[in-house]
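In what follows, a single structure is set out as structure tokens and then discussed.
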Amino acid sequence: MMLKETIALVTGGSRGIGRAISVRLSASGAFVFINYHQNEKAAAETLRIIQDKGGNGEICRFDVSDFTTTQKAIRNIVKTKGAIDILVNNAAVSIDGLFVRTKEQDWNDIIDTNLKGTFNCCRAVTKHMMKQRSGRIVNISSVVAEGGNAGQTLYSASKAGILGLTKSLARELGSRNICVNAVAPGFIDTDMTGSLSEENRAKIISQIPLSRPGTPEDVAGTVAFLVSRDADYITGHVIRVCGGIYI
Amino acid sequence: MTVEEQVKNIIMEQLNVTEEECLPEAKFIDDLGADSLDLVELIMAMEDHFGLEIADEELAQISTIKDVIDYITSKQST
């Protein structure tokens with residue numbers, strides 16, 4: 001129970017990787033705020049899983065792409081719980097398609113949620129973490145941020161932006177004992193990757209040295225490590241959890 | 001407590017300095033050993049304590065304890 005009595009916020013915690021992270025952090029003892037935007041039923045299900053395992057948490061609706069709403073929501077968490085120890089920026093959308101056919105709105109939607117959402121949440125927690133003289137931020141990026149992927153130009157751009165944010169923030173906040181790291185998942189079995197055809201799926205898996213897609217739990221385990229005391233001396237790092245698809 | 005006393009208390013707590021070091025002309029960075037992040041934290045603490053907002057443009061004019069006291073006094077009298 002290494003995270004006993006810590007307060008965590010996981011954005012996009014209702015499904016997929018976010019759900020697995022929420023469940024895993026709560027299993028380590030953290031009180032987890034499960035942020036969601038639209039799918040309340042799925043968020044409630046994440047909370048039920050947590051409670052079934054004897055953990056504690058709360059669902060928490062806000063749109064990470066909205067600066068003011070996000071500030072308010074996080075201020076509320078600090079007000080009711082007295083602290084914010086862990087932030088996991090996981091909320092993300094993906095609109096795939098060939099670049100030449102992309103729309104301006106696609107760019108706006110992806111950047112607003114993935115990159116600006118990460119900024120909004122970091123901006124809201126840093127003041128409190130600086131005062132606490134402690135904090136852990138884990139940003140969920142992607143291997144496509146480093147390796148690129150045809151059909152995911154906008155998504156890659158947003159996820160690469162997250163890496164720059166992570167590294168600069170790590171430099172700026174290190175003296176306040178705040179660690180900022182990124183996790184870059186590869187091909188993970190979630191709703192986001194579920195829409196692929198069997199053929200495309202098989203093609204991707206054939207490129208993975210570990211010969212299987214990742215699970216949300218694979219990613220959650222790495223996040224749990226980064227927010228634990230075992231990672232006290234790690235900041236500004238990017239850990240790929242991708243079965244070797246990008247080396 | 002006067003504004004001066006309140007300001008000095010916040011500075012002593014934030015920058016971990018003694019009352020003797022808190023001379024009106026003491027410069028935060030040169031004399032009190034603050035770095036840029038300390039200065040921002042100090043300003044945030046002042047904002048919380050006095051319930052006001054100090055704009056980034058105005059920050060440039062603040063470098064000594066007297067600057068802070070004068071700034072807050074002028075804001076409070078308006």
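Just so we're on the same page: first chain in the structure tokens is A, next is B, and so on; residues restart at 1 for each chain, and ligands are numbered from 1 in the order they show up.
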message = Could you tell me which residues of chain B sit within 10 Å of chain A when counting only C-alpha atoms, and give me the result as a VMD selection string?
response = chain B and resid 14 37 to 38 40 to 41 44 to 45
Pull C-alpha atoms from the residues just selected and write them as a PDB file, in the first residue's frame.
```pdb
ATOM      1  CA  GLN B  14       8.341  31.611   2.424  1.00  0.00           C
ATOM      2  CA  LEU B  37      10.398  30.209  -8.501  1.00  0.00           C
ATOM      3  CA  ASP B  38      10.676  31.441  -4.875  1.00  0.00           C
ATOM      4  CA  VAL B  40       6.585  33.510  -7.833  1.00  0.00           C
ATOM      5  CA  GLU B  41       5.626  31.533  -4.734  1.00  0.00           C
ATOM      6  CA  MET B  44       1.200  33.846  -4.870  1.00  0.00           C
ATOM      7  CA  ALA B  45       1.296  33.834  -1.069  1.00  0.00           C
TER       8      ALA B  45
END
```
Name the residues of chain B that fall into helix (DSSP H, G or I) according to DSSP on the backbone, using the chain letters and numbers of this document, as a compact mmCIF listing (two decimals) with C-alpha atoms, in the first residue's frame.
```txt
# COMPACT_ATOMS: atom_id res chain seq x y z
CA VAL B 3 0.80 45.67 6.23
CA GLU B 4 4.54 45.83 6.82
CA GLU B 5 4.40 43.23 9.57
CA GLN B 6 2.14 40.94 7.55
CA VAL B 7 4.41 41.18 4.51
CA LYS B 8 7.50 40.45 6.61
CA ASN B 9 5.83 37.43 8.21
CA ILE B 10 5.02 35.97 4.81
CA ILE B 11 8.56 36.60 3.56
CA MET B 12 10.12 35.00 6.65
CA GLU B 13 7.97 31.92 6.19
CA GLN B 14 8.34 31.61 2.42
CA LEU B 15 12.05 32.35 2.14
CA SER B 36 12.68 33.00 -9.70
CA LEU B 37 10.40 30.21 -8.50
CA ASP B 38 10.68 31.44 -4.88
CA LEU B 39 9.66 34.87 -6.07
CA VAL B 40 6.58 33.51 -7.83
CA GLU B 41 5.63 31.53 -4.73
CA LEU B 42 6.07 34.62 -2.62
CA ILE B 43 3.83 36.62 -4.91
CA MET B 44 1.20 33.85 -4.87
CA ALA B 45 1.30 33.83 -1.07
CA MET B 46 0.84 37.63 -1.02
CA GLU B 47 -2.08 37.34 -3.44
CA ASP B 48 -3.76 34.70 -1.26
CA HIS B 49 -3.14 36.59 1.96
CA PHE B 50 -4.26 40.03 0.80
CA ASP B 56 2.87 39.91 -14.41
CA GLU B 57 3.67 43.36 -15.83
CA GLU B 58 3.74 44.80 -12.33
CA LEU B 59 6.05 42.10 -11.05
CA ILE B 65 10.63 44.28 0.50
CA LYS B 66 9.76 47.98 0.40
CA ASP B 67 8.45 47.54 -3.17
CA VAL B 68 6.01 44.89 -1.96
CA ILE B 69 4.83 46.92 1.01
CA ASP B 70 4.34 50.03 -1.16
CA TYR B 71 2.53 48.01 -3.82
CA ILE B 72 0.09 46.41 -1.40
CA THR B 73 -0.51 49.66 0.49
CA SER B 74 -1.31 51.46 -2.77
CA LYS B 75 -3.67 48.67 -3.86
CA GLN B 76 -5.47 48.68 -0.54
CA SER B 77 -6.04 52.42 -0.52
```
message = I'd like the neighbourhood of range 90-96 of chain A as a ChimeraX atom specification, where a residue qualifies if any of its atoms comes within 7 Å (using only C-alpha atoms), though same-chain residues fewer than 3 positions away should be ignored.
response = /A:10-12,18,106,110,113-114,139-140,151-152,155
